[in-house]
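Chemist: This is the structure I have questions about; it appears just below.
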Amino acid sequence: MDRSSAEKRVRELHDLLSQYNYEYHVLDKPSVPDVEYDQLLTELKELEEAFPDLQSPDSPTQRVGGAVLDQFKKVTHRSPMLSLGNAFNEADLRSFDRRIRESMGDHVSYICELKIDGLAISLRYEDGLFVQGATRGDGTIGEDITANLRTIRSIPLRLRQPFSIEVRGEAFMPMSSFLALNEEKEKNAEEPFANPRNAAAGSLRQLDPRIAASRNLDIFLYGIGDPGETGVESQSEGLNLLSELGLKTNNERRVCPTIDDVISYVQEWTERRAELSYDIDGIVIKVNSLAQQEELGFTAKSPRWAIAYKFPAEEVVTIIHDIELSI
Ligand SMILES: CC(C)(C)c1nc(N2CCN(c3ncccn3)CC2)c2cc(C(N)=O)c(N)nc2n1
C-alpha cells in the first residue's frame, strides 16, 4: 500500500474506531461485535508501524502510554474546583430552598444529579484534542494524571467538535470491576480496597499507566470550567453540550422545578441506589440557571447555588465469622 492510500485508510480507521468506542463506552450501545473492533485496531497498529509518521496522539492505539513516571507534575486549575455544602435531611433541603428563594424570588428551578462516589477530576481539551487531565487536589492545585486518564475508554481522545474547553467530572470504578479486583488481591494475599472510591483513587495514583489501564475505570462528566465561554445558559444545557461533544454524562439527571420535586427525586434514588452498577453517596442539587448561579455567587469555598444531599451512612453490619470454639 502506498503512503497516500495508507494516510486515507488511517483516517478512516480513526473515525471508525472512535465511533465504535463511543457507542460501546459512552452510549453503552455497541453496533459491531468486539472482534470487528479488534481487527480494525490491529490493522491500524500495522499501518502505524509501516508508516510511523501517520501515528498521532489521538489515535486509538495510543491509550496506554509507554513511560512509567517517577512522579506527577502539579497542575493549577484555571478556575478553582470548589467543594459542596451538605444537607442530611428534608429540613436541610427546605432551608436551602428557602435561602435561595429569599434572594432570588420564586422563579428558581433546580437540577438533581446522582452524586457519583469516585475521584473528582478535570479534563482539558484544545481544539477538540485531549491535552491534559488532573485530580481536583485541594481545589486549586491538582496532579497531572493525563497518562492514566487516557486509559479510560469512555474519555474521548478527541471531541466530536473542535472545542477548547475544560470539563469536570468524577472518575469511578464500577462495582463489578471493584469486586473482581478485590478477588484478585485476596488471591495474591494483597490488602483489598475498602470501597470503589479508594480503588479508583488508588488506580489513578499509579505511576505506571499500564496498571490504571487494567482497572476498568469509568467517568461521568458534570461541569464546564468556564461555562460562560460556551454560551450555555443552564446546567442542564451544559450537560447536553458535554454529551453532544462525545463526553459521558449521567442520564439519571432531572430538572426539578420545586423543592418538593427535589425531595421526591432524593426519595426515589434512596430506594433505587442499590440497582446502580456504581456507588453513589448522595444527590447533588444545583440551581439550574447559570445567570442565577452567578447572582447567588460563592462562600469562601463552595457555591451558594448548590448542595450535596448525603445518604445516611449504611449501618455496617460486620458479620463476625463463627469463632471456632476451641474445645
Ligand atoms: C460544580 C459543583 C461545585 C457544583 C460540583 N462539585 C462537585 N464536587 C465538589 C466537591 N468535591 C470534592 N471532592 C473531594 C474533596 C472535596 N470536595 C467533589 C466534586 C460535584 C460532584 C458531583 C458528583 N460526584 O457526581 C456532581 N454530579 N456535581 C458536582 N458539582
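Following the order of the C-alpha cells, chains are lettered A, B, ..., residues in each are numbered from 1, and ligands are numbered from 1.
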Tell me, counting only C-alpha atoms and all ligand atoms, for each residue of chain A within 7 Å of ligand 1, which pair of atoms is nearest and how far apart they are in Å to one decimal, in rows ordered by chain and increasing number, as JSON lines.

Modeler:
{"residue": "A:Met81", "atom": "CA", "partner": "ligand 1", "partner_atom_place_in_ligand_line": "3 (C)", "distance": 6.5}
{"residue": "A:Leu82", "atom": "CA", "partner": "ligand 1", "partner_atom_place_in_ligand_line": "3 (C)", "distance": 4.8}
{"residue": "A:Ser83", "atom": "CA", "partner": "ligand 1", "partner_atom_place_in_ligand_line": "10 (C)", "distance": 3.7}
{"residue": "A:Leu84", "atom": "CA", "partner": "ligand 1", "partner_atom_place_in_ligand_line": "10 (C)", "distance": 4.9}
{"residue": "A:Glu113", "atom": "CA", "partner": "ligand 1", "partner_atom_place_in_ligand_line": "27 (N)", "distance": 5.2}
{"residue": "A:Leu114", "atom": "CA", "partner": "ligand 1", "partner_atom_place_in_ligand_line": "25 (O)", "distance": 5.6}
{"residue": "A:Lys115", "atom": "CA", "partner": "ligand 1", "partner_atom_place_in_ligand_line": "25 (O)", "distance": 3.5}
{"residue": "A:Ile116", "atom": "CA", "partner": "ligand 1", "partner_atom_place_in_ligand_line": "25 (O)", "distance": 3.9}
{"residue": "A:Asp117", "atom": "CA", "partner": "ligand 1", "partner_atom_place_in_ligand_line": "24 (N)", "distance": 5.7}
{"residue": "A:Gly118", "atom": "CA", "partner": "ligand 1", "partner_atom_place_in_ligand_line": "24 (N)", "distance": 6.7}
{"residue": "A:Leu119", "atom": "CA", "partner": "ligand 1", "partner_atom_place_in_ligand_line": "13 (N)", "distance": 6.8}
{"residue": "A:Ala120", "atom": "CA", "partner": "ligand 1", "partner_atom_place_in_ligand_line": "18 (C)", "distance": 5.1}
{"residue": "A:Arg136", "atom": "CA", "partner": "ligand 1", "partner_atom_place_in_ligand_line": "13 (N)", "distance": 6.9}
{"residue": "A:Gly169", "atom": "CA", "partner": "ligand 1", "partner_atom_place_in_ligand_line": "22 (C)", "distance": 6.8}
{"residue": "A:Glu170", "atom": "CA", "partner": "ligand 1", "partner_atom_place_in_ligand_line": "24 (N)", "distance": 5.6}
{"residue": "A:Tyr222", "atom": "CA", "partner": "ligand 1", "partner_atom_place_in_ligand_line": "27 (N)", "distance": 5.3}
{"residue": "A:Gly223", "atom": "CA", "partner": "ligand 1", "partner_atom_place_in_ligand_line": "1 (C)", "distance": 5.8}
{"residue": "A:Val284", "atom": "CA", "partner": "ligand 1", "partner_atom_place_in_ligand_line": "27 (N)", "distance": 5.7}
{"residue": "A:Lys286", "atom": "CA", "partner": "ligand 1", "partner_atom_place_in_ligand_line": "4 (C)", "distance": 6.6}
{"residue": "A:Ser302", "atom": "CA", "partner": "ligand 1", "partner_atom_place_in_ligand_line": "3 (C)", "distance": 6.5}
{"residue": "A:Pro303", "atom": "CA", "partner": "ligand 1", "partner_atom_place_in_ligand_line": "3 (C)", "distance": 6.3}
{"residue": "A:Ala306", "atom": "CA", "partner": "ligand 1", "partner_atom_place_in_ligand_line": "4 (C)", "distance": 5.4}

Chemist: Using only N, CA and C atoms, please write the residues we just selected to a file, as a PDB file, in the first residue's frame.

Modeler:
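Written output follows (selection.pdb):
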ATOM      1  N   MET A  81     -11.675  24.290  41.595  1.00  0.00           N
ATOM      2  CA  MET A  81     -12.696  23.215  41.724  1.00  0.00           C
ATOM      3  C   MET A  81     -13.206  23.310  43.155  1.00  0.00           C
ATOM      4  N   LEU A  82     -14.436  23.766  43.294  1.00  0.00           N
ATOM      5  CA  LEU A  82     -14.980  24.105  44.611  1.00  0.00           C
ATOM      6  C   LEU A  82     -15.410  22.866  45.380  1.00  0.00           C
ATOM      7  N   SER A  83     -15.796  23.079  46.640  1.00  0.00           N
ATOM      8  CA  SER A  83     -16.388  21.956  47.376  1.00  0.00           C
ATOM      9  C   SER A  83     -17.885  22.240  47.535  1.00  0.00           C
ATOM     10  N   LEU A  84     -18.579  21.345  48.201  1.00  0.00           N
ATOM     11  CA  LEU A  84     -20.038  21.433  48.269  1.00  0.00           C
ATOM     12  C   LEU A  84     -20.480  21.460  49.725  1.00  0.00           C
ATOM     13  N   GLU A 113     -28.611  15.716  40.335  1.00  0.00           N
ATOM     14  CA  GLU A 113     -27.687  14.749  39.711  1.00  0.00           C
ATOM     15  C   GLU A 113     -27.270  13.715  40.752  1.00  0.00           C
ATOM     16  N   LEU A 114     -27.135  12.457  40.341  1.00  0.00           N
ATOM     17  CA  LEU A 114     -26.611  11.451  41.256  1.00  0.00           C
ATOM     18  C   LEU A 114     -25.203  11.882  41.660  1.00  0.00           C
ATOM     19  N   LYS A 115     -24.862  11.721  42.947  1.00  0.00           N
ATOM     20  CA  LYS A 115     -23.514  12.121  43.386  1.00  0.00           C
ATOM     21  C   LYS A 115     -22.607  10.886  43.310  1.00  0.00           C
ATOM     22  N   ILE A 116     -21.849  10.806  42.216  1.00  0.00           N
ATOM     23  CA  ILE A 116     -21.003   9.635  41.942  1.00  0.00           C
ATOM     24  C   ILE A 116     -19.898   9.586  42.994  1.00  0.00           C
ATOM     25  N   ASP A 117     -19.669   8.431  43.569  1.00  0.00           N
ATOM     26  CA  ASP A 117     -18.680   8.324  44.652  1.00  0.00           C
ATOM     27  C   ASP A 117     -17.356   7.851  44.072  1.00  0.00           C
ATOM     28  N   GLY A 118     -16.593   8.836  43.556  1.00  0.00           N
ATOM     29  CA  GLY A 118     -15.312   8.488  42.921  1.00  0.00           C
ATOM     30  C   GLY A 118     -14.285   9.542  43.244  1.00  0.00           C
ATOM     31  N   LEU A 119     -13.523   9.937  42.221  1.00  0.00           N
ATOM     32  CA  LEU A 119     -12.448  10.928  42.391  1.00  0.00           C
ATOM     33  C   LEU A 119     -12.729  12.097  41.447  1.00  0.00           C
ATOM     34  N   ALA A 120     -12.817  13.311  41.993  1.00  0.00           N
ATOM     35  CA  ALA A 120     -13.112  14.472  41.152  1.00  0.00           C
ATOM     36  C   ALA A 120     -11.903  14.772  40.265  1.00  0.00           C
ATOM     37  N   ARG A 136      -8.542  16.783  41.379  1.00  0.00           N
ATOM     38  CA  ARG A 136      -9.033  18.034  41.976  1.00  0.00           C
ATOM     39  C   ARG A 136      -7.991  18.606  42.924  1.00  0.00           C
ATOM     40  N   GLY A 169     -15.461  16.248  36.211  1.00  0.00           N
ATOM     41  CA  GLY A 169     -16.290  15.071  36.400  1.00  0.00           C
ATOM     42  C   GLY A 169     -15.763  14.199  37.510  1.00  0.00           C
ATOM     43  N   GLU A 170     -16.319  13.027  37.601  1.00  0.00           N
ATOM     44  CA  GLU A 170     -15.943  12.075  38.652  1.00  0.00           C
ATOM     45  C   GLU A 170     -15.494  10.783  37.979  1.00  0.00           C
ATOM     46  N   TYR A 222     -19.685  16.319  34.703  1.00  0.00           N
ATOM     47  CA  TYR A 222     -20.831  17.072  35.226  1.00  0.00           C
ATOM     48  C   TYR A 222     -20.648  18.583  35.182  1.00  0.00           C
ATOM     49  N   GLY A 223     -19.512  19.071  34.721  1.00  0.00           N
ATOM     50  CA  GLY A 223     -19.363  20.529  34.767  1.00  0.00           C
ATOM     51  C   GLY A 223     -18.420  21.038  33.705  1.00  0.00           C
ATOM     52  N   VAL A 284     -26.611  15.584  44.168  1.00  0.00           N
ATOM     53  CA  VAL A 284     -26.181  16.986  44.108  1.00  0.00           C
ATOM     54  C   VAL A 284     -27.335  17.797  43.524  1.00  0.00           C
ATOM     55  N   LYS A 286     -28.553  21.536  42.243  1.00  0.00           N
ATOM     56  CA  LYS A 286     -27.998  22.802  41.761  1.00  0.00           C
ATOM     57  C   LYS A 286     -29.122  23.679  41.230  1.00  0.00           C
ATOM     58  N   SER A 302     -17.434  27.243  48.741  1.00  0.00           N
ATOM     59  CA  SER A 302     -18.418  26.474  47.964  1.00  0.00           C
ATOM     60  C   SER A 302     -19.519  27.391  47.429  1.00  0.00           C
ATOM     61  N   PRO A 303     -20.164  26.958  46.346  1.00  0.00           N
ATOM     62  CA  PRO A 303     -21.214  27.764  45.735  1.00  0.00           C
ATOM     63  C   PRO A 303     -22.433  27.860  46.651  1.00  0.00           C
ATOM     64  N   ALA A 306     -25.572  25.481  45.181  1.00  0.00           N
ATOM     65  CA  ALA A 306     -25.573  24.008  45.095  1.00  0.00           C
ATOM     66  C   ALA A 306     -25.440  23.427  46.493  1.00  0.00           C
TER      67      ALA A 306
END

Chemist: If we count only C-alpha atoms, what is near segment 258-265 of chain A at a cut-off of 12 Å, once residues fewer than 5 positions away on the same chain are taken out, given as a VMD selection string?

Modeler: chain A and resid 87 to 101 106 to 114 252 to 253 270 to 273 282 to 288 307 to 309

Chemist: DSSP says alpha helix (DSSP H) for which residues of segment 225-310 of chain A? Put them as an NGL selection string?

Modeler: :A and (235-244 or 259-272 or 290-296)

Chemist: Selected residues, C-alpha atoms, written as a PDB file, in the first residue's frame, please.

Modeler:
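Written file, result04.pdb:
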ATOM      1  CA  GLN A 235     -26.597  23.337  33.970  1.00  0.00           C
ATOM      2  CA  SER A 236     -28.948  21.045  32.011  1.00  0.00           C
ATOM      3  CA  GLU A 237     -27.938  22.706  28.715  1.00  0.00           C
ATOM      4  CA  GLY A 238     -24.299  22.351  29.768  1.00  0.00           C
ATOM      5  CA  LEU A 239     -24.710  18.618  30.380  1.00  0.00           C
ATOM      6  CA  ASN A 240     -26.400  18.236  26.974  1.00  0.00           C
ATOM      7  CA  LEU A 241     -23.475  20.082  25.334  1.00  0.00           C
ATOM      8  CA  LEU A 242     -20.966  17.744  27.044  1.00  0.00           C
ATOM      9  CA  SER A 243     -22.928  14.789  25.708  1.00  0.00           C
ATOM     10  CA  GLU A 244     -23.022  16.238  22.148  1.00  0.00           C
ATOM     11  CA  ILE A 259     -38.052  21.571  46.268  1.00  0.00           C
ATOM     12  CA  ASP A 260     -40.896  19.028  46.535  1.00  0.00           C
ATOM     13  CA  ASP A 261     -39.746  17.592  43.196  1.00  0.00           C
ATOM     14  CA  VAL A 262     -36.179  17.538  44.574  1.00  0.00           C
ATOM     15  CA  ILE A 263     -37.337  15.670  47.684  1.00  0.00           C
ATOM     16  CA  SER A 264     -39.190  13.044  45.648  1.00  0.00           C
ATOM     17  CA  TYR A 265     -36.107  12.582  43.433  1.00  0.00           C
ATOM     18  CA  VAL A 266     -33.999  12.099  46.613  1.00  0.00           C
ATOM     19  CA  GLN A 267     -36.529   9.570  47.953  1.00  0.00           C
ATOM     20  CA  GLU A 268     -36.641   7.721  44.616  1.00  0.00           C
ATOM     21  CA  TRP A 269     -32.853   7.292  44.489  1.00  0.00           C
ATOM     22  CA  THR A 270     -32.558   6.450  48.170  1.00  0.00           C
ATOM     23  CA  GLU A 271     -34.607   3.371  47.245  1.00  0.00           C
ATOM     24  CA  ARG A 272     -33.179   2.727  43.739  1.00  0.00           C
ATOM     25  CA  LEU A 290     -26.323  29.926  35.165  1.00  0.00           C
ATOM     26  CA  ALA A 291     -27.394  33.575  35.454  1.00  0.00           C
ATOM     27  CA  GLN A 292     -28.984  32.806  38.838  1.00  0.00           C
ATOM     28  CA  GLN A 293     -25.871  30.835  39.887  1.00  0.00           C
ATOM     29  CA  GLU A 294     -23.825  33.930  39.021  1.00  0.00           C
ATOM     30  CA  GLU A 295     -26.128  36.144  41.117  1.00  0.00           C
ATOM     31  CA  LEU A 296     -26.005  33.775  44.117  1.00  0.00           C
TER      32      LEU A 296
END

Chemist: Need to verify the contact set: Asn182 of chain A, 10 Å, only C-alpha atoms, exclusion of same-chain residues closer than 4 positions in sequence. Can you return it as a PyMOL selection string?

Modeler: chain A and resi 177-178+186-188+190-196+199

Chemist: Hey, can you check how far atom CA of Ser203 of chain A sits from atom CA of Leu276 of chain A?

Modeler: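 Calculated distance between atom CA of Ser203 of chain A and atom CA of Leu276 of chain A is 21.4 Å.
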
Chemist: Between A:Val75, A:Val26, A:Val32, A:Ala134, which one has atoms that come closest to Pro156 of chain A, using only C-alpha atoms?

Modeler: A:Val26

Chemist: Tell me, which residues of segment 216-305 of chain A carry DSSP strand (DSSP E or B), written as a list in words?

Modeler: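 Across segment 216-305 of chain A, those assigned strand (DSSP E or B) are Asp218, Ile219, Phe220, Leu221, Tyr222, Gly223, Ile224, Ser234, Arg254, Val255, Cys256, Ile280, Asp281, Gly282, Ile283, Val284, Ile285, Lys286, Val287, Ser289, Phe298 and Pro303 of chain A.
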
Chemist: Env of Ile145 of chain A: 8 Å cut, atoms = only C-alpha atoms, seq-sep filter 4 positions within chain, self excluded. Answer as a count of residues only.

Modeler: 8

Chemist: For the atom pair atom CA of Lys73 of chain A and atom CA of Thr299 of chain A, what is the interatomic distance in Å to one decimal place?

Modeler: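 So the two atoms, atom CA of Lys73 of chain A and atom CA of Thr299 of chain A, lie 29.3 Å apart.
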